[in-house]
$ cat my_file.txt   # compact mmCIF, N, CA and C atoms
# COMPACT_ATOMS: atom_id res chain seq x y z
N MET A 1 0.82 -1.18 0.00
CA MET A 1 0.00 0.00 0.00
C MET A 1 0.87 1.26 0.00
N LYS A 2 2.00 1.16 0.71
CA LYS A 2 2.89 2.31 0.77
C LYS A 2 3.49 2.59 -0.61
N LYS A 3 3.78 1.53 -1.39
CA LYS A 3 4.34 1.70 -2.72
C LYS A 3 3.34 2.38 -3.66
N ILE A 4 2.08 2.01 -3.57
CA ILE A 4 1.05 2.63 -4.40
C ILE A 4 0.89 4.10 -4.02
N PHE A 5 0.87 4.38 -2.74
CA PHE A 5 0.75 5.77 -2.28
C PHE A 5 1.95 6.61 -2.74
N LEU A 6 3.15 6.04 -2.65
CA LEU A 6 4.36 6.72 -3.09
C LEU A 6 4.31 6.99 -4.60
N GLY A 7 3.87 6.00 -5.38
CA GLY A 7 3.76 6.16 -6.84
C GLY A 7 2.76 7.25 -7.20
N LEU A 8 1.61 7.29 -6.54
CA LEU A 8 0.60 8.32 -6.80
C LEU A 8 1.11 9.69 -6.39
N THR A 9 1.88 9.76 -5.33
CA THR A 9 2.44 11.04 -4.88
C THR A 9 3.43 11.58 -5.91
N VAL A 10 4.28 10.71 -6.42
CA VAL A 10 5.26 11.14 -7.43
C VAL A 10 4.52 11.63 -8.69
N LEU A 11 3.50 10.90 -9.13
CA LEU A 11 2.73 11.29 -10.30
C LEU A 11 2.01 12.61 -10.08
N ALA A 12 1.41 12.79 -8.93
CA ALA A 12 0.70 14.03 -8.62
C ALA A 12 1.67 15.21 -8.55
N THR A 13 2.85 14.97 -8.02
CA THR A 13 3.85 16.04 -7.94
C THR A 13 4.28 16.48 -9.33
N GLN A 14 4.48 15.53 -10.25
CA GLN A 14 4.86 15.87 -11.61
C GLN A 14 3.76 16.68 -12.30
N LEU A 15 2.53 16.27 -12.12
CA LEU A 15 1.43 17.01 -12.74
C LEU A 15 1.26 18.40 -12.14
N MET A 16 1.51 18.53 -10.85
CA MET A 16 1.34 19.80 -10.17
C MET A 16 2.40 20.82 -10.61
N PHE A 17 3.63 20.35 -10.86
CA PHE A 17 4.71 21.26 -11.25
C PHE A 17 4.87 21.40 -12.77
N ALA A 18 4.07 20.70 -13.55
CA ALA A 18 4.15 20.81 -15.00
C ALA A 18 3.66 22.19 -15.43
N GLN A 19 4.34 22.76 -16.41
CA GLN A 19 3.97 24.09 -16.90
C GLN A 19 3.61 23.98 -18.37
N LYS A 20 2.68 24.81 -18.76
CA LYS A 20 2.26 24.85 -20.14
C LYS A 20 2.73 26.16 -20.73
N VAL A 21 3.49 26.09 -21.81
CA VAL A 21 3.99 27.29 -22.46
C VAL A 21 3.02 27.66 -23.58
N THR A 22 2.53 28.88 -23.53
CA THR A 22 1.61 29.34 -24.56
C THR A 22 2.09 30.66 -25.14
N GLY A 23 1.72 30.90 -26.36
CA GLY A 23 2.03 32.18 -26.98
C GLY A 23 3.46 32.37 -27.43
N VAL A 24 4.23 31.30 -27.53
CA VAL A 24 5.62 31.42 -27.96
C VAL A 24 5.70 31.07 -29.44
N LYS A 25 6.31 31.97 -30.21
CA LYS A 25 6.48 31.73 -31.64
C LYS A 25 7.97 31.73 -31.95
N VAL A 26 8.37 30.78 -32.77
CA VAL A 26 9.76 30.70 -33.20
C VAL A 26 9.85 31.39 -34.55
N GLU A 27 10.70 32.40 -34.60
CA GLU A 27 10.88 33.13 -35.85
C GLU A 27 12.24 32.81 -36.42
N LYS A 28 12.25 32.48 -37.68
CA LYS A 28 13.50 32.18 -38.35
C LYS A 28 13.97 33.47 -39.02
N VAL A 29 15.11 33.95 -38.57
CA VAL A 29 15.65 35.19 -39.10
C VAL A 29 16.55 34.86 -40.28
N GLN A 30 16.21 35.43 -41.42
CA GLN A 30 17.04 35.21 -42.60
C GLN A 30 17.59 36.54 -43.08
N LYS A 31 18.81 36.49 -43.53
CA LYS A 31 19.44 37.68 -44.06
C LYS A 31 18.80 38.01 -45.40
N GLU A 32 18.40 39.24 -45.56
CA GLU A 32 17.80 39.66 -46.82
C GLU A 32 18.87 39.71 -47.90
N ILE A 33 18.58 39.08 -49.00
CA ILE A 33 19.51 39.12 -50.12
C ILE A 33 18.82 39.83 -51.27
N PRO A 34 19.55 40.65 -52.01
CA PRO A 34 18.93 41.33 -53.13
C PRO A 34 18.57 40.33 -54.23
N ALA A 35 17.63 40.72 -55.07
CA ALA A 35 17.18 39.82 -56.13
C ALA A 35 18.26 39.60 -57.19
N GLN A 36 19.03 40.62 -57.47
CA GLN A 36 20.07 40.52 -58.49
C GLN A 36 21.39 41.03 -57.94
N LEU A 37 22.45 40.66 -58.61
CA LEU A 37 23.79 41.14 -58.26
C LEU A 37 24.01 42.51 -58.90
N SER A 38 24.78 43.35 -58.24
CA SER A 38 25.09 44.66 -58.80
C SER A 38 26.10 44.51 -59.95
N LYS A 39 26.15 45.51 -60.82
CA LYS A 39 27.07 45.47 -61.98
C LYS A 39 28.52 45.35 -61.53
N GLU A 40 28.88 46.07 -60.43
CA GLU A 40 30.26 46.01 -59.94
C GLU A 40 30.62 44.61 -59.48
N LYS A 41 29.69 43.98 -58.76
CA LYS A 41 29.93 42.62 -58.27
C LYS A 41 30.04 41.64 -59.44
N ILE A 42 29.16 41.80 -60.44
CA ILE A 42 29.20 40.91 -61.60
C ILE A 42 30.54 41.04 -62.31
N ASN A 43 31.02 42.28 -62.47
CA ASN A 43 32.31 42.50 -63.14
C ASN A 43 33.45 41.87 -62.34
N LEU A 44 33.43 42.03 -61.01
CA LEU A 44 34.46 41.44 -60.15
C LEU A 44 34.46 39.93 -60.25
N TYR A 45 33.29 39.32 -60.12
CA TYR A 45 33.18 37.86 -60.17
C TYR A 45 33.57 37.33 -61.55
N ASN A 46 33.11 38.01 -62.61
CA ASN A 46 33.41 37.57 -63.97
C ASN A 46 34.92 37.65 -64.24
N ASP A 47 35.55 38.75 -63.82
CA ASP A 47 37.00 38.88 -64.02
C ASP A 47 37.77 37.78 -63.30
N ASN A 48 37.37 37.48 -62.06
CA ASN A 48 38.04 36.42 -61.30
C ASN A 48 37.84 35.07 -61.96
N PHE A 49 36.63 34.82 -62.47
CA PHE A 49 36.39 33.52 -63.11
C PHE A 49 37.19 33.39 -64.40
N LEU A 50 37.26 34.45 -65.19
CA LEU A 50 38.04 34.38 -66.44
C LEU A 50 39.53 34.19 -66.15
N LYS A 51 40.03 34.79 -65.06
CA LYS A 51 41.42 34.54 -64.65
C LYS A 51 41.60 33.09 -64.24
N PHE A 52 40.58 32.54 -63.57
CA PHE A 52 40.60 31.13 -63.16
C PHE A 52 40.69 30.21 -64.38
N VAL A 53 39.90 30.51 -65.42
CA VAL A 53 39.92 29.70 -66.64
C VAL A 53 41.28 29.79 -67.32
N GLU A 54 41.85 30.99 -67.35
CA GLU A 54 43.20 31.15 -67.94
C GLU A 54 44.24 30.35 -67.15
N ALA A 55 44.11 30.35 -65.83
CA ALA A 55 45.05 29.57 -65.00
C ALA A 55 44.86 28.07 -65.23
N LEU A 56 43.62 27.64 -65.50
CA LEU A 56 43.38 26.22 -65.82
C LEU A 56 44.02 25.85 -67.15
N LYS A 57 43.95 26.73 -68.12
CA LYS A 57 44.54 26.47 -69.44
C LYS A 57 46.04 26.24 -69.34
N ALA A 58 46.69 27.10 -68.54
CA ALA A 58 48.14 27.09 -68.46
C ALA A 58 48.73 26.05 -67.54
N PRO A 59 48.02 25.22 -66.92
CA PRO A 59 48.18 24.53 -65.65
C PRO A 59 49.04 25.28 -64.64
N ASP A 60 48.51 26.40 -64.17
CA ASP A 60 49.19 27.24 -63.19
C ASP A 60 48.50 27.07 -61.83
N ARG A 61 49.01 26.14 -61.04
CA ARG A 61 48.38 25.83 -59.74
C ARG A 61 48.42 27.03 -58.80
N SER A 62 49.49 27.79 -58.79
CA SER A 62 49.57 28.94 -57.89
C SER A 62 48.56 30.01 -58.29
N GLY A 63 48.34 30.19 -59.60
CA GLY A 63 47.35 31.15 -60.08
C GLY A 63 45.94 30.74 -59.69
N VAL A 64 45.68 29.45 -59.71
CA VAL A 64 44.36 28.93 -59.31
C VAL A 64 44.17 29.14 -57.81
N ASP A 65 45.19 28.85 -57.02
CA ASP A 65 45.08 28.97 -55.56
C ASP A 65 44.81 30.40 -55.11
N VAL A 66 45.33 31.38 -55.83
CA VAL A 66 45.10 32.78 -55.48
C VAL A 66 43.62 33.13 -55.63
N LEU A 67 42.95 32.53 -56.60
CA LEU A 67 41.56 32.86 -56.89
C LEU A 67 40.56 32.03 -56.09
N LEU A 68 41.01 30.93 -55.48
CA LEU A 68 40.11 30.08 -54.70
C LEU A 68 39.93 30.58 -53.28
N SER A 69 38.78 30.30 -52.72
CA SER A 69 38.50 30.63 -51.34
C SER A 69 39.34 29.77 -50.40
N ASP A 70 39.66 30.31 -49.23
CA ASP A 70 40.43 29.55 -48.25
C ASP A 70 39.68 28.31 -47.78
N LYS A 71 38.36 28.34 -47.85
CA LYS A 71 37.54 27.21 -47.40
C LYS A 71 37.73 25.97 -48.26
N VAL A 72 38.08 26.16 -49.53
CA VAL A 72 38.16 25.02 -50.44
C VAL A 72 39.57 24.70 -50.92
N LYS A 73 40.54 25.49 -50.54
CA LYS A 73 41.91 25.27 -51.03
C LYS A 73 42.44 23.90 -50.65
N GLU A 74 42.15 23.44 -49.43
CA GLU A 74 42.70 22.16 -48.98
C GLU A 74 42.07 20.98 -49.70
N ILE A 75 40.81 21.10 -50.11
CA ILE A 75 40.14 19.94 -50.72
C ILE A 75 40.27 19.91 -52.24
N VAL A 76 40.72 21.01 -52.83
CA VAL A 76 40.90 21.05 -54.28
C VAL A 76 42.28 20.49 -54.63
N THR A 77 42.25 19.33 -55.26
CA THR A 77 43.49 18.68 -55.67
C THR A 77 43.69 18.87 -57.18
N ASP A 78 44.81 18.40 -57.68
CA ASP A 78 45.06 18.49 -59.11
C ASP A 78 44.06 17.65 -59.90
N ASP A 79 43.62 16.52 -59.31
CA ASP A 79 42.62 15.69 -59.97
C ASP A 79 41.28 16.41 -60.09
N VAL A 80 40.89 17.15 -59.06
CA VAL A 80 39.65 17.92 -59.09
C VAL A 80 39.73 18.99 -60.18
N LEU A 81 40.85 19.69 -60.25
CA LEU A 81 41.04 20.72 -61.27
C LEU A 81 41.01 20.10 -62.68
N LYS A 82 41.57 18.90 -62.81
CA LYS A 82 41.55 18.23 -64.10
C LYS A 82 40.11 17.89 -64.51
N LYS A 83 39.30 17.44 -63.57
CA LYS A 83 37.90 17.12 -63.87
C LYS A 83 37.11 18.37 -64.24
N VAL A 84 37.39 19.48 -63.56
CA VAL A 84 36.72 20.74 -63.89
C VAL A 84 37.11 21.17 -65.29
N LYS A 85 38.38 21.05 -65.62
CA LYS A 85 38.87 21.44 -66.94
C LYS A 85 38.26 20.57 -68.03
N GLU A 86 38.05 19.28 -67.75
CA GLU A 86 37.43 18.38 -68.71
C GLU A 86 35.92 18.60 -68.84
N GLY A 87 35.33 19.28 -67.87
CA GLY A 87 33.88 19.49 -67.85
C GLY A 87 33.39 20.49 -68.88
N PHE A 88 34.27 21.34 -69.40
CA PHE A 88 33.90 22.30 -70.43
C PHE A 88 35.12 22.62 -71.27
N ASP A 89 34.90 23.25 -72.41
CA ASP A 89 35.99 23.58 -73.32
C ASP A 89 36.59 24.91 -72.90
N VAL A 90 37.79 24.87 -72.32
CA VAL A 90 38.44 26.09 -71.82
C VAL A 90 38.94 26.99 -72.94
N ASN A 91 39.01 26.46 -74.17
CA ASN A 91 39.49 27.26 -75.29
C ASN A 91 38.38 28.11 -75.92
N LYS A 92 37.11 27.78 -75.66
CA LYS A 92 36.01 28.58 -76.18
C LYS A 92 35.74 29.76 -75.25
N LYS A 93 35.28 30.84 -75.84
CA LYS A 93 34.98 32.04 -75.07
C LYS A 93 33.65 31.84 -74.35
N LEU A 94 33.60 32.26 -73.09
CA LEU A 94 32.38 32.13 -72.29
C LEU A 94 31.73 33.49 -72.12
N GLU A 95 30.40 33.48 -72.04
CA GLU A 95 29.66 34.70 -71.74
C GLU A 95 28.64 34.39 -70.66
N ILE A 96 28.22 35.43 -69.96
CA ILE A 96 27.30 35.27 -68.84
C ILE A 96 25.90 34.94 -69.36
N LEU A 97 25.33 33.86 -68.86
CA LEU A 97 23.97 33.48 -69.19
C LEU A 97 23.00 34.10 -68.20
N LYS A 98 23.27 33.91 -66.91
CA LYS A 98 22.44 34.54 -65.88
C LYS A 98 23.23 34.66 -64.58
N THR A 99 22.78 35.57 -63.74
CA THR A 99 23.41 35.79 -62.44
C THR A 99 22.36 35.66 -61.36
N GLY A 100 22.80 35.41 -60.16
CA GLY A 100 21.86 35.30 -59.05
C GLY A 100 22.55 34.75 -57.82
N TYR A 101 21.76 34.08 -57.00
CA TYR A 101 22.28 33.49 -55.77
C TYR A 101 22.02 32.00 -55.78
N HIS A 102 22.99 31.25 -55.29
CA HIS A 102 22.89 29.79 -55.19
C HIS A 102 22.68 29.43 -53.72
N ARG A 103 21.60 28.73 -53.43
CA ARG A 103 21.30 28.34 -52.05
C ARG A 103 22.06 27.08 -51.68
N LEU A 104 22.74 27.15 -50.54
CA LEU A 104 23.51 26.02 -50.04
C LEU A 104 22.66 25.15 -49.12
N MET A 105 23.19 23.99 -48.74
CA MET A 105 22.44 23.06 -47.89
C MET A 105 22.19 23.62 -46.50
N ASP A 106 23.06 24.50 -46.02
CA ASP A 106 22.87 25.06 -44.69
C ASP A 106 21.90 26.24 -44.68
N GLY A 107 21.31 26.57 -45.83
CA GLY A 107 20.32 27.63 -45.92
C GLY A 107 20.89 28.98 -46.32
N SER A 108 22.19 29.10 -46.37
CA SER A 108 22.79 30.37 -46.77
C SER A 108 22.82 30.46 -48.30
N SER A 109 22.97 31.67 -48.79
CA SER A 109 23.01 31.90 -50.24
C SER A 109 24.30 32.62 -50.60
N LEU A 110 24.89 32.20 -51.71
CA LEU A 110 26.11 32.82 -52.20
C LEU A 110 25.89 33.25 -53.64
N PRO A 111 26.57 34.32 -54.06
CA PRO A 111 26.43 34.78 -55.44
C PRO A 111 26.94 33.74 -56.44
N SER A 112 26.25 33.65 -57.58
CA SER A 112 26.67 32.69 -58.61
C SER A 112 26.44 33.30 -59.99
N ILE A 113 27.21 32.81 -60.93
CA ILE A 113 27.07 33.21 -62.33
C ILE A 113 27.06 31.94 -63.18
N ASN A 114 26.07 31.84 -64.07
CA ASN A 114 26.00 30.74 -65.01
C ASN A 114 26.53 31.23 -66.35
N TYR A 115 27.38 30.43 -66.97
CA TYR A 115 28.02 30.80 -68.23
C TYR A 115 27.57 29.87 -69.34
N LYS A 116 27.67 30.38 -70.58
CA LYS A 116 27.46 29.59 -71.78
C LYS A 116 28.53 29.98 -72.79
N TYR A 117 28.65 29.20 -73.86
CA TYR A 117 29.63 29.52 -74.89
C TYR A 117 29.16 30.74 -75.67
N ALA A 118 30.06 31.67 -75.93
CA ALA A 118 29.72 32.90 -76.66
C ALA A 118 29.51 32.59 -78.13
N GLY A 119 28.54 33.27 -78.75
CA GLY A 119 28.31 33.14 -80.18
C GLY A 119 27.54 31.90 -80.58
N ASP A 120 27.12 31.09 -79.65
CA ASP A 120 26.36 29.88 -79.98
C ASP A 120 24.94 30.04 -79.44
N PRO A 121 23.96 30.37 -80.30
CA PRO A 121 22.60 30.62 -79.81
C PRO A 121 21.92 29.38 -79.24
N SER A 122 22.34 28.20 -79.67
CA SER A 122 21.73 26.98 -79.16
C SER A 122 22.41 26.49 -77.88
N SER A 123 23.46 27.19 -77.46
CA SER A 123 24.20 26.77 -76.28
C SER A 123 23.38 26.97 -75.02
N LYS A 124 23.37 25.94 -74.21
CA LYS A 124 22.71 26.02 -72.91
C LYS A 124 23.77 26.27 -71.85
N GLU A 125 23.37 26.17 -70.61
CA GLU A 125 24.32 26.38 -69.51
C GLU A 125 25.49 25.40 -69.63
N VAL A 126 26.69 25.95 -69.54
CA VAL A 126 27.90 25.14 -69.65
C VAL A 126 28.52 24.94 -68.27
N ILE A 127 28.56 26.03 -67.48
CA ILE A 127 29.25 25.97 -66.20
C ILE A 127 28.64 26.98 -65.25
N MET A 128 28.65 26.65 -63.96
CA MET A 128 28.18 27.57 -62.93
C MET A 128 29.32 27.80 -61.95
N ALA A 129 29.56 29.06 -61.63
CA ALA A 129 30.60 29.42 -60.66
C ALA A 129 29.93 30.08 -59.47
N VAL A 130 30.30 29.65 -58.26
CA VAL A 130 29.77 30.20 -57.02
C VAL A 130 30.90 30.93 -56.32
N PHE A 131 30.60 32.13 -55.82
CA PHE A 131 31.62 33.01 -55.26
C PHE A 131 31.30 33.38 -53.82
N GLU A 132 32.34 33.77 -53.09
CA GLU A 132 32.15 34.43 -51.81
C GLU A 132 31.90 35.91 -52.11
N GLU A 133 31.46 36.65 -51.11
CA GLU A 133 31.15 38.07 -51.32
C GLU A 133 32.39 38.88 -51.75
N ASP A 134 33.58 38.44 -51.35
CA ASP A 134 34.80 39.19 -51.71
C ASP A 134 35.33 38.83 -53.09
N GLY A 135 34.67 37.93 -53.80
CA GLY A 135 35.07 37.59 -55.16
C GLY A 135 35.85 36.31 -55.30
N LYS A 136 36.21 35.66 -54.19
CA LYS A 136 36.94 34.39 -54.26
C LYS A 136 35.99 33.28 -54.72
N ILE A 137 36.50 32.37 -55.50
CA ILE A 137 35.69 31.27 -56.04
C ILE A 137 35.59 30.17 -54.99
N ILE A 138 34.35 29.77 -54.72
CA ILE A 138 34.13 28.71 -53.73
C ILE A 138 33.68 27.42 -54.41
N GLY A 139 33.19 27.51 -55.63
CA GLY A 139 32.77 26.31 -56.34
C GLY A 139 32.62 26.55 -57.82
N VAL A 140 33.00 25.55 -58.62
CA VAL A 140 32.83 25.58 -60.07
C VAL A 140 32.20 24.26 -60.45
N MET A 141 31.04 24.33 -61.07
CA MET A 141 30.31 23.10 -61.42
C MET A 141 29.99 23.06 -62.91
N PRO A 142 30.70 22.25 -63.66
CA PRO A 142 30.34 22.09 -65.07
C PRO A 142 28.97 21.43 -65.19
N ALA A 143 28.20 21.85 -66.19
CA ALA A 143 26.89 21.24 -66.41
C ALA A 143 27.09 19.82 -66.93
N LYS A 144 26.10 18.97 -66.67
CA LYS A 144 26.19 17.59 -67.13
C LYS A 144 26.05 17.55 -68.65
N LYS A 145 26.91 16.79 -69.26
CA LYS A 145 26.86 16.67 -70.72
C LYS A 145 25.88 15.56 -71.09
N ASP A 146 25.10 15.83 -72.14
CA ASP A 146 24.18 14.79 -72.65
C ASP A 146 24.98 13.83 -73.52
N LYS A 147 24.73 12.55 -73.29
CA LYS A 147 25.45 11.53 -74.08
C LYS A 147 24.49 10.81 -74.97
$ encode --input "my_file.txt" --output "structure tokens"
Amino acid sequence: MKKIFLGLTVLATQLMFAQKVTGVKVEKVQKEIPAQLSKEKINLYNDNFLKFVEALKAPDRSGVDVLLSDKVKEIVTDDVLKKVKEGFDVNKKLEILKTGYHRLMDGSSLPSINYKYAGDPSSKEVIMAVFEEDGKIIGVMPAKKDK
């Protein structure tokens, strides 16, 4: 009988001290990003990307490292650069197809530029470059080729 009384006392104590939270709303604060990139930013990012392509042509590893973000320098190997170079024709001239922001898995957005081959009206997206705000390249993704 004492065990039953003790069990009921513990249960009653938990119910008596339980609190109900009402009126609490969780707000997710997101940094406002502009709809488009400014002309100055586009020029900065485009110049850095074209320098990157020139460094890929020449196999100039030090030139590539200067243009890459510190976040990705350690993981970018010569094999990765070779695959990027094989993903598109570095000898053809590239032009900007569209600009905007690329959403990452952690919910943040970074500026990006999609390129296509210049002078080819049937050309679709060839490559996408993602940048940090200071103009350093954080990612280069060649578009998938149709086989």
$ residues_around --input "my_file.txt" --residues "Lys136 (chain A)" --least-positions-apart "6" --cutoff "12 Å" --atoms "only C-alpha atoms" --output "list in words"
Lys41, Leu44, Tyr45, Asn46, Asp47, Asn48, Phe49, Lys51, Phe52, Val64, Asp65, Val66, Leu67, Leu68, Ser69, Asp70, Lys71, Val72, Lys73, Leu110, Pro111, Ser112, Ala129 and Val130 of chain A
$ atom_distance --input "my_file.txt" --atom1 "atom C of Lys83 (chain A)" --atom2 "atom N of Ala118 (chain A)"
19.1 Å
$ residues_around --input "my_file.txt" --residues "Gly119 (chain A)" --least-positions-apart "2" --cutoff "9 Å" --atoms "only C-alpha atoms" --output "PyMOL selection string"
chain A and resi 93-95+117+121+123
$ residues_around --input "my_file.txt" --residues "Gly100 (chain A)" --least-positions-apart "6" --cutoff "8 Å" --atoms "all atoms listed in the file" --output "list of chain:residue names"
A:Pro34, A:Ala35, A:Gln36, A:Leu37, A:Ser109, A:Leu110, A:Pro111, A:Ser112, A:Ile113, A:Asn114
$ atom_distance --input "my_file.txt" --atom1 "CA of Ala55 (chain A)" --atom2 "CA of Gly139 (chain A)"
15.4 Å
$ select_by_dssp --input "my_file.txt" --residues "chain A" --states "alpha helix (DSSP H)" --output "PyMOL selection string"
chain A and resi 2-17+39-57+61-67+78-86
$ atom_distance --input "my_file.txt" --atom1 "CA of Leu81 (chain A)" --atom2 "atom N of Ile138 (chain A)"
13.0 Å
$ closest_residue --input "my_file.txt" --among "A:Val26, A:Tyr115, A:Leu8, A:Glu86" --to "Lys98 (chain A)" --atoms "only N, CA and C atoms"
A:Tyr115
$ select_by_dssp --input "my_file.txt" --residues "chain A" --states "strand (DSSP E)" --output "JSON, numbers by chain"
{"A": [94, 95, 96, 97, 98, 99, 100, 101, 102, 103, 109, 110, 111, 112, 113, 114, 115, 116, 117, 127, 128, 129, 130, 131, 137, 138, 139, 140, 141, 142]}
$ closest_residue --input "my_file.txt" --among "A:Lys39, A:Lys85, A:Lys25, A:His102" --to "Lys57 (chain A)" --atoms "all atoms listed in the file"
A:Lys85
$ axis_aligned_box --input "my_file.txt" --around "region 114-133 of chain A" --padding-each-side "5 Å" --output "lines of an AutoDock Vina configuration file"
center_x = 27.1
center_y = 31.9
center_z = -65.8
size_x = 20.7
size_y = 23.9
size_z = 39.5
$ build_atoms --input "my_file.txt" --residues "region 111-119 of chain A" --atoms "all heavy atoms" --output "compact mmCIF listing (two decimals), in the coordinates of the input"
# COMPACT_ATOMS: atom_id res chain seq x y z
N PRO A 111 26.57 34.32 -54.06
CA PRO A 111 26.43 34.78 -55.44
C PRO A 111 26.94 33.74 -56.44
O PRO A 111 27.92 33.05 -56.17
CB PRO A 111 27.29 36.04 -55.51
CG PRO A 111 27.81 36.29 -54.16
CD PRO A 111 27.47 35.16 -53.29
N SER A 112 26.25 33.65 -57.58
CA SER A 112 26.67 32.69 -58.61
C SER A 112 26.44 33.30 -59.99
O SER A 112 25.59 34.16 -60.17
CB SER A 112 25.92 31.38 -58.48
OG SER A 112 24.57 31.55 -58.81
N ILE A 113 27.21 32.81 -60.93
CA ILE A 113 27.07 33.21 -62.33
C ILE A 113 27.06 31.94 -63.18
O ILE A 113 27.91 31.07 -63.02
CB ILE A 113 28.23 34.13 -62.78
CG1 ILE A 113 28.23 35.42 -61.97
CG2 ILE A 113 28.10 34.44 -64.27
CD1 ILE A 113 29.36 36.37 -62.32
N ASN A 114 26.07 31.84 -64.07
CA ASN A 114 26.00 30.74 -65.01
C ASN A 114 26.53 31.23 -66.35
O ASN A 114 26.15 32.31 -66.81
CB ASN A 114 24.57 30.25 -65.17
CG ASN A 114 24.04 29.63 -63.90
OD1 ASN A 114 24.70 29.64 -62.87
ND2 ASN A 114 22.84 29.09 -63.95
N TYR A 115 27.38 30.43 -66.97
CA TYR A 115 28.02 30.80 -68.23
C TYR A 115 27.57 29.87 -69.34
O TYR A 115 27.18 28.73 -69.10
CB TYR A 115 29.54 30.69 -68.10
CG TYR A 115 30.15 31.73 -67.20
CD1 TYR A 115 30.34 31.48 -65.85
CD2 TYR A 115 30.55 32.96 -67.70
CE1 TYR A 115 30.91 32.43 -65.03
CE2 TYR A 115 31.12 33.92 -66.89
CZ TYR A 115 31.29 33.65 -65.55
OH TYR A 115 31.85 34.59 -64.74
N LYS A 116 27.67 30.38 -70.58
CA LYS A 116 27.46 29.59 -71.78
C LYS A 116 28.53 29.98 -72.79
O LYS A 116 29.24 30.98 -72.59
CB LYS A 116 26.07 29.80 -72.36
CG LYS A 116 25.83 31.18 -72.92
CD LYS A 116 24.48 31.27 -73.58
CE LYS A 116 24.38 32.61 -74.33
NZ LYS A 116 23.31 32.62 -75.27
N TYR A 117 28.65 29.20 -73.86
CA TYR A 117 29.63 29.52 -74.89
C TYR A 117 29.16 30.74 -75.67
O TYR A 117 27.99 30.83 -76.06
CB TYR A 117 29.86 28.35 -75.84
CG TYR A 117 30.51 27.16 -75.17
CD1 TYR A 117 29.93 25.91 -75.23
CD2 TYR A 117 31.71 27.30 -74.50
CE1 TYR A 117 30.53 24.82 -74.62
CE2 TYR A 117 32.33 26.21 -73.90
CZ TYR A 117 31.72 24.98 -73.96
OH TYR A 117 32.32 23.91 -73.36
N ALA A 118 30.06 31.67 -75.93
CA ALA A 118 29.72 32.90 -76.66
C ALA A 118 29.51 32.59 -78.13
O ALA A 118 30.20 31.75 -78.71
CB ALA A 118 30.83 33.93 -76.49
N GLY A 119 28.54 33.27 -78.75
CA GLY A 119 28.31 33.14 -80.18
C GLY A 119 27.54 31.90 -80.58
O GLY A 119 27.32 31.67 -81.76
